[in-house]
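Asks: Structure file final23.cif (mmCIF, C-alpha atoms and all ligand atoms) is given on the next line.
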```
data_entry
#
loop_
_atom_site.label_atom_id
_atom_site.label_comp_id
_atom_site.auth_asym_id
_atom_site.auth_seq_id
_atom_site.Cartn_x
_atom_site.Cartn_y
_atom_site.Cartn_z
CA MET H 1 137.79 72.98 101.80
CA PRO H 2 137.78 74.91 98.49
CA HIS H 3 139.12 78.41 98.77
CA VAL H 4 139.34 81.08 96.10
CA LEU H 5 142.64 82.88 96.47
CA LEU H 6 142.40 85.42 93.69
CA ILE H 7 139.91 86.83 91.26
CA ALA H 8 141.30 88.91 88.41
CA ARG H 9 139.36 90.37 85.54
CA ARG H 10 140.85 91.53 82.27
CA ALA H 11 139.57 93.04 79.06
CA VAL H 12 141.55 92.17 75.96
CA GLY H 13 141.86 93.99 72.67
CA HIS H 14 139.37 94.92 70.01
CA LEU H 15 137.10 91.90 70.58
CA GLY H 16 136.24 93.19 74.04
CA TYR H 17 136.85 89.66 75.29
CA VAL H 18 136.45 89.60 79.04
CA SER H 19 137.80 86.85 81.21
CA ALA H 20 138.10 86.32 84.93
CA VAL H 21 140.74 84.02 86.33
CA ARG H 22 140.02 82.30 89.66
CA VAL H 23 142.75 80.47 91.50
CA VAL H 24 141.01 77.81 93.56
CA SER H 25 142.75 75.95 96.35
CA VAL H 26 141.42 72.55 97.41
CA ASP H 27 143.40 70.75 100.14
CA GLY H 28 146.43 72.86 99.33
CA VAL H 29 146.32 72.03 95.59
CA HIS H 30 145.87 75.13 93.44
CA SER H 31 144.04 75.14 90.12
CA VAL H 32 143.25 77.98 87.73
CA GLN H 33 139.71 78.41 86.45
CA GLN H 34 138.97 80.77 83.58
CA TRP H 35 135.59 82.46 83.30
CA PRO H 36 134.02 82.39 80.77
CA PRO H 37 135.56 78.99 80.05
CA VAL H 38 135.64 79.57 76.28
CA GLU H 39 136.41 82.58 74.11
CA THR H 40 133.36 84.82 73.92
CA GLN H 41 132.02 87.83 72.11
CA PRO H 42 130.76 90.86 74.02
CA PRO H 43 127.02 90.56 74.71
CA GLN H 44 124.80 92.55 72.35
CA VAL H 45 122.04 94.18 74.36
CA HIS H 46 118.76 94.06 72.40
CA PRO H 47 117.54 97.50 71.23
CA LYS H 48 114.18 96.82 72.93
CA ALA H 49 115.72 95.80 76.26
CA PRO H 50 114.36 97.81 79.20
CA GLU H 51 116.36 100.92 79.97
CA GLN H 52 118.68 101.47 82.90
CA GLY H 53 116.66 102.07 86.06
CA ALA H 54 113.60 100.14 84.80
CA GLU H 55 111.97 98.09 87.56
CA LEU H 56 111.03 94.69 86.19
CA THR H 57 107.80 92.93 87.01
CA SER H 58 107.46 89.15 87.14
CA HIS H 59 107.94 87.52 83.72
CA TYR H 60 105.42 84.83 84.77
CA SER H 61 103.14 85.00 87.82
CA GLU H 62 103.77 81.36 88.77
CA CYS H 63 107.56 81.57 88.51
CA PHE H 64 109.11 80.28 91.76
CA GLY H 65 111.74 83.02 91.59
CA CYS H 66 109.66 86.12 90.93
CA GLY H 67 105.98 85.18 90.59
CA GLU H 68 103.37 86.82 92.78
CA ASP H 69 101.17 83.70 92.58
CA GLN H 70 103.72 81.43 94.30
CA PRO H 71 103.03 81.77 98.06
CA GLY H 72 106.28 80.07 99.14
CA GLY H 73 108.33 81.45 96.25
CA LEU H 74 111.29 83.78 96.44
CA HIS H 75 109.33 86.91 95.35
CA MET H 76 112.44 88.48 93.90
CA SER H 77 112.44 91.90 92.35
CA SER H 78 114.89 93.24 89.78
CA THR H 79 116.03 96.53 88.29
CA ILE H 80 118.05 97.14 85.14
CA GLY H 81 121.51 98.46 85.96
CA ALA H 82 124.20 100.11 83.86
CA GLY H 83 125.76 98.25 80.94
CA HIS H 84 125.23 94.51 81.09
CA VAL H 85 123.91 94.38 84.64
CA VAL H 86 120.67 93.60 86.48
CA HIS H 87 120.25 94.20 90.23
CA SER H 88 117.97 91.76 92.06
CA SER H 89 117.01 91.35 95.67
CA PHE H 90 115.88 88.33 97.64
CA THR H 91 114.64 88.57 101.23
CA VAL H 92 114.97 85.26 103.05
CA SER H 93 111.84 84.16 104.92
CA ALA H 94 111.11 81.26 107.26
CA GLU H 95 109.84 79.24 104.25
CA HIS H 96 113.38 79.30 102.83
CA GLN H 97 115.22 77.69 105.76
CA GLY H 98 117.65 74.81 105.56
CA ALA H 99 119.43 74.89 108.92
CA PRO H 100 117.38 76.60 111.66
CA GLY H 101 117.27 80.30 110.94
CA LEU H 102 119.47 80.06 107.83
CA ALA H 103 118.68 80.05 104.13
CA HIS H 104 118.71 76.69 102.32
CA GLY H 105 121.62 76.53 99.85
CA GLY H 106 119.42 75.14 97.08
CA LEU H 107 117.09 78.10 97.37
CA LEU H 108 120.05 80.48 97.27
CA SER H 109 121.12 78.75 94.03
CA CYS H 110 117.56 79.21 92.81
CA ALA H 111 117.75 82.94 93.57
CA PHE H 112 120.90 83.14 91.50
CA ASP H 113 119.33 81.13 88.65
CA GLU H 114 116.54 83.70 88.64
CA ALA H 115 118.87 86.72 88.78
CA LEU H 116 121.13 85.29 86.07
CA GLY H 117 118.18 84.23 83.90
CA THR H 118 116.78 87.72 84.25
CA VAL H 119 119.94 89.46 83.06
CA VAL H 120 120.13 87.06 80.09
CA GLY H 121 116.44 87.18 79.14
CA GLN H 122 115.81 90.86 79.73
CA LEU H 123 118.97 92.23 78.10
CA LEU H 124 119.31 89.82 75.16
CA ARG H 125 115.52 89.36 74.68
CA LYS H 126 116.07 85.78 73.53
CA PRO H 127 114.55 82.68 75.13
CA ALA H 128 117.32 80.86 76.98
CA VAL H 129 117.49 78.13 79.62
CA THR H 130 120.07 77.35 82.28
CA GLY H 131 122.52 74.71 81.05
CA LYS H 132 124.92 74.87 83.99
CA LEU H 133 124.89 76.74 87.28
CA GLU H 134 127.76 76.84 89.78
CA THR H 135 127.40 78.45 93.19
CA ASP H 136 129.95 79.41 95.87
CA PHE H 137 128.46 79.87 99.34
CA ARG H 138 130.80 82.14 101.28
CA ARG H 139 128.77 83.23 104.31
CA PRO H 140 125.59 81.99 105.99
CA VAL H 141 122.49 83.94 104.96
CA PRO H 142 120.07 84.37 107.91
CA VAL H 143 116.27 84.40 107.74
CA GLY H 144 115.11 88.02 107.55
CA SER H 145 118.17 89.23 105.69
CA THR H 146 118.16 90.52 102.12
CA LEU H 147 120.63 89.43 99.48
CA HIS H 148 121.43 92.17 96.99
CA ILE H 149 122.42 90.33 93.82
CA THR H 150 124.25 91.94 90.93
CA ALA H 151 124.13 89.77 87.82
CA GLU H 152 126.15 90.54 84.73
CA LEU H 153 126.38 89.25 81.16
CA ASP H 154 129.97 88.11 80.61
CA GLY H 155 129.90 87.07 76.96
CA THR H 156 128.33 84.92 74.28
CA ALA H 157 129.61 82.12 72.07
CA GLY H 158 126.98 81.13 69.51
CA ARG H 159 123.92 79.93 71.45
CA LYS H 160 125.91 79.90 74.70
CA VAL H 161 125.54 82.85 77.05
CA TYR H 162 127.78 83.22 80.09
CA ALA H 163 126.74 85.28 83.11
CA SER H 164 127.93 85.67 86.68
CA ALA H 165 126.56 87.21 89.86
CA ARG H 166 127.49 88.25 93.37
CA GLY H 167 125.13 88.47 96.33
CA HIS H 168 125.85 91.09 99.00
CA LEU H 169 124.40 90.55 102.44
CA GLY H 170 122.21 93.27 103.95
CA ALA H 171 123.16 96.09 101.57
CA PRO H 172 124.35 96.54 97.99
CA ASP H 173 127.87 97.11 99.36
CA GLY H 174 127.57 94.50 102.12
CA PRO H 175 129.89 91.50 102.35
CA VAL H 176 129.66 88.96 99.53
CA ALA H 177 127.76 85.91 100.82
CA VAL H 178 127.15 84.00 97.58
CA GLU H 179 128.64 84.04 94.08
CA ALA H 180 127.48 82.14 91.02
CA ARG H 181 128.37 81.56 87.38
CA ALA H 182 126.09 80.12 84.75
CA LEU H 183 125.87 78.99 81.17
CA PHE H 184 122.53 79.69 79.50
CA VAL H 185 121.67 78.18 76.13
CA VAL H 186 119.46 80.08 73.69
CA VAL H 187 116.56 77.88 72.59
CA ASP H 188 113.68 78.07 70.10
CA LEU H 189 110.22 78.82 71.45
CA GLU H 190 109.42 75.18 70.61
CA HIS H 191 111.48 74.25 73.68
CA PHE H 192 108.59 75.58 75.79
CA THR H 193 105.70 74.57 73.57
CA GLU H 194 107.01 70.99 73.23
CA HIS H 195 108.10 70.39 76.80
CA GLY H 196 105.94 72.82 78.80
CA ASP H 197 102.36 72.61 79.99
CA GLN H 198 99.83 73.97 77.48
CA ASP H 199 97.48 75.43 80.11
CA ALA H 200 100.36 77.23 81.83
CA LEU H 201 101.57 78.56 78.47
CA LYS H 202 98.07 79.85 77.74
CA LYS H 203 98.04 81.61 81.11
CA LEU H 204 101.36 83.28 80.27
CA ARG H 205 100.09 84.28 76.80
CA ASP H 206 96.91 85.75 78.26
CA SER H 207 98.74 87.70 80.96
CA ALA H 208 101.22 89.12 78.44
CA ARG H 209 98.25 90.54 76.54
CA GLU H 210 96.84 92.35 79.56
CA PRO H 211 97.45 96.01 78.75
CA GLU H 212 99.05 96.70 82.13
CA ARG H 213 101.44 93.72 81.82
CA THR H 214 102.95 94.28 78.37
CA ASP H 215 106.41 93.71 79.81
CA ARG H 216 105.78 90.02 80.34
CA TRP H 217 107.42 87.40 78.17
CA ASP H 218 104.92 86.43 75.48
CA ILE H 219 105.72 82.81 74.64
CA ASN H 220 103.97 83.06 71.27
CA PRO H 221 104.02 86.68 70.19
C1 LIG V 301 110.62 86.29 72.76
C2 LIG V 301 111.64 86.27 73.91
C3 LIG V 301 111.63 87.45 74.80
C4 LIG V 301 112.55 87.25 76.00
C5 LIG V 301 112.16 88.10 77.18
C6 LIG V 301 112.74 87.56 78.44
C7 LIG V 301 112.05 87.99 79.66
C8 LIG V 301 112.21 86.91 80.71
C9 LIG V 301 113.15 87.29 81.75
C10 LIG V 301 113.57 86.44 82.68
C11 LIG V 301 113.20 85.01 82.67
C12 LIG V 301 114.22 84.09 83.27
C13 LIG V 301 114.06 83.86 84.72
C14 LIG V 301 114.03 82.37 84.99
C15 LIG V 301 115.42 81.82 85.18
C16 LIG V 301 115.39 80.35 85.42
C17 LIG V 301 115.84 79.62 84.18
C18 LIG V 301 115.72 78.13 84.35
O1 LIG V 301 115.73 77.62 85.42
S1 LIG V 301 115.61 77.19 82.92
C19 LIG V 301 115.23 75.55 83.57
C20 LIG V 301 116.41 74.70 83.83
N1 LIG V 301 117.10 74.32 82.61
C21 LIG V 301 116.58 73.40 81.77
O2 LIG V 301 115.53 72.84 81.96
C22 LIG V 301 117.41 73.09 80.55
C23 LIG V 301 117.35 71.60 80.21
N2 LIG V 301 118.34 71.32 79.19
C24 LIG V 301 118.04 71.41 77.86
O3 LIG V 301 116.91 71.67 77.48
C25 LIG V 301 119.19 71.18 76.91
O4 LIG V 301 120.22 70.40 77.48
C26 LIG V 301 119.81 72.55 76.44
C27 LIG V 301 118.73 73.42 75.74
C28 LIG V 301 120.43 73.34 77.60
C29 LIG V 301 120.92 72.26 75.42
O5 LIG V 301 120.44 71.30 74.50
P1 LIG V 301 120.53 71.51 72.92
O6 LIG V 301 120.28 70.17 72.29
O7 LIG V 301 119.63 72.62 72.49
O8 LIG V 301 122.00 71.99 72.60
P2 LIG V 301 123.43 71.31 72.93
O9 LIG V 301 124.13 71.15 71.64
O10 LIG V 301 123.29 70.13 73.82
O11 LIG V 301 124.13 72.49 73.77
C30 LIG V 301 124.41 73.72 73.15
C31 LIG V 301 125.80 74.13 73.56
O12 LIG V 301 125.80 74.29 75.00
C32 LIG V 301 126.76 73.41 75.59
N3 LIG V 301 126.21 72.92 76.85
C33 LIG V 301 124.95 72.51 77.09
N4 LIG V 301 124.83 72.12 78.35
C34 LIG V 301 126.04 72.27 78.92
C35 LIG V 301 126.55 72.05 80.23
N5 LIG V 301 125.77 71.60 81.22
N6 LIG V 301 127.84 72.34 80.46
C36 LIG V 301 128.64 72.83 79.48
N7 LIG V 301 128.21 73.08 78.21
C37 LIG V 301 126.94 72.79 77.96
C38 LIG V 301 126.94 72.28 74.58
O13 LIG V 301 128.19 71.62 74.75
C39 LIG V 301 126.85 73.04 73.27
O14 LIG V 301 128.08 73.67 73.07
P3 LIG V 301 128.68 73.84 71.57
O15 LIG V 301 127.70 74.72 70.81
O16 LIG V 301 128.76 72.46 71.00
O17 LIG V 301 130.01 74.50 71.77
#
```
Will you turn the file into structure tokens for me?
Replies:
Amino acid sequence: MPHVLLIARRAVGHLGYVSAVRVVSVDGVHSVQQWPPVETQPPQVHPKAPEQGAELTSHYSECFGCGEDQPGGLHMSSTIGAGHVVHSSFTVSAEHQGAPGLAHGGLLSCAFDEALGTVVGQLLRKPAVTGKLETDFRRPVPVGSTLHITAELDGTAGRKVYASARGHLGAPDGPVAVEARALFVVVDLEHFTEHGDQDALKKLRDSAREPERTDRWDINP
């Protein structure tokens, strides 16, 4: 069974390069994993990114992670934290079960995709999609409990954006139940117009123009 023995974080020199080293043990064989896996630059928060303390509304009402128009969705909410951080919360309901009374692992990964996508999209203000997502499930997450997820931008390398997150069970300082790391890739808006559904894109465009929802992601500003 994989086991992480050590997590160390270091900041190096004038580049502000940040790397975490994880020593992972599988069947007694240790291996070292570096995160981010390549040399990165410090993330540049966009000048128009929401300020610390800002409570974010759904970027798209039909988003499975945060949309209010998805009855069985995760209905996550997020707040901008200090520096390169977004705080999100996900309360597990009966619709999210895998084993009886416990959250489905795939939905926990989904919650982390959402939290990580939010820190990337909201702080960099660039369209980006998940290229790779890796999740460590450390404790069972029961129905009715809330995961408090802290997601952080770790660095950028060209179009590649690296971010990681930890989910604390029951309280922001509760035990870590889930951790995740992801690579997002910055894309042109054509990614969505070419591959997405035109009616859904129109709905997003229209909602972004509602005066009370100016914070939404306008796909074609
Ligand atoms: C006006 C804007 C305002 C913004 C405001 C924001 C507010 C919104 C806030 C919040 C919203 C977010 C909340 C939602 C979060 C959920 C997000 C999702 O679930 S996204 C859906 C799932 N993901 C996909 O569907 C992708 C499908 N994949 C693709 O489309 C392509 O594969 C893509 C774009 C990822 C890459 O394709 P290529 O052709 O563009 O580029 P190539 O060259 O292949 O990759 C670029 C670099 O990335 C590396 N790369 C790509 N995939 C990799 C992988 N799996 N592992 C390692 N490296 C990978 C490559 O090796 C390359 O690296 P080298 O530049 O050569 O060093």
Asks: Starting from 6 Å padding per side, set up an axis-aligned box that covers all listed atoms of ligand LIG 301 (chain V) and hand over centre and edge lengths in Å, one decimal, as lines of an AutoDock Vina configuration file.
Replies:
```
center_x = 120.3
center_y = 79.1
center_z = 78.1
size_x = 31.4
size_y = 30.0
size_z = 26.6
```
Asks: Place a sphere of radius 10 Å on (117.6, 82.3, 75.7) in the file coordinates and name every protein, DNA or RNA residue with an atom inside or on its surface, counting only C-alpha atoms; give the answer as a list in words.
Replies: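 Here is the list of nearby residues: Gly117, Val120, Gly121, Gln122, Leu124, Arg125, Lys126, Pro127, Ala128, Val129, Thr130, Arg159, Lys160, Val161, Phe184, Val185, Val186, Val187, Asp188 and Leu189 of chain H.
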Asks: State, in Å with one decimal place, the distance from atom C16 of ligand LIG 301 (chain V) to atom CA of Pro100 of chain H.
Replies: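 Separating atom C16 of ligand LIG 301 (chain V) from atom CA of Pro100 of chain H is a distance of 26.6 Å.
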Asks: For atom CA of Val176 of chain H and atom CA of His75 of chain H, determine how far apart the two atoms are, in Å to one decimal place.
Replies: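 Between atom CA of Val176 of chain H and atom CA of His75 of chain H the gap is 20.9 Å.
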Asks: So that I can check the surroundings of segment 33-43 of chain H, please list as a PyMOL selection string every protein, DNA and RNA residue that reaches within 9 Å of it, counting all atoms listed in the file and ignoring chain neighbours fewer than 4 positions away.
Replies: chain H and resi 15-24+84+123-124+153-158+160-164+181+183
Asks: Have a look at atom CA of Cys66 of chain H and atom CA of Val85 of chain H and let me know their distance in Å, one decimal.
Replies: 17.6 Å
Asks: So, counting only C-alpha atoms and all ligand atoms, which residue among H:Arg138, H:His30, H:His46, H:Lys132 is closest to ligand LIG 301 (chain V)?
Replies: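 Selected residue with least distance to ligand LIG 301 (chain V): H:Lys132.
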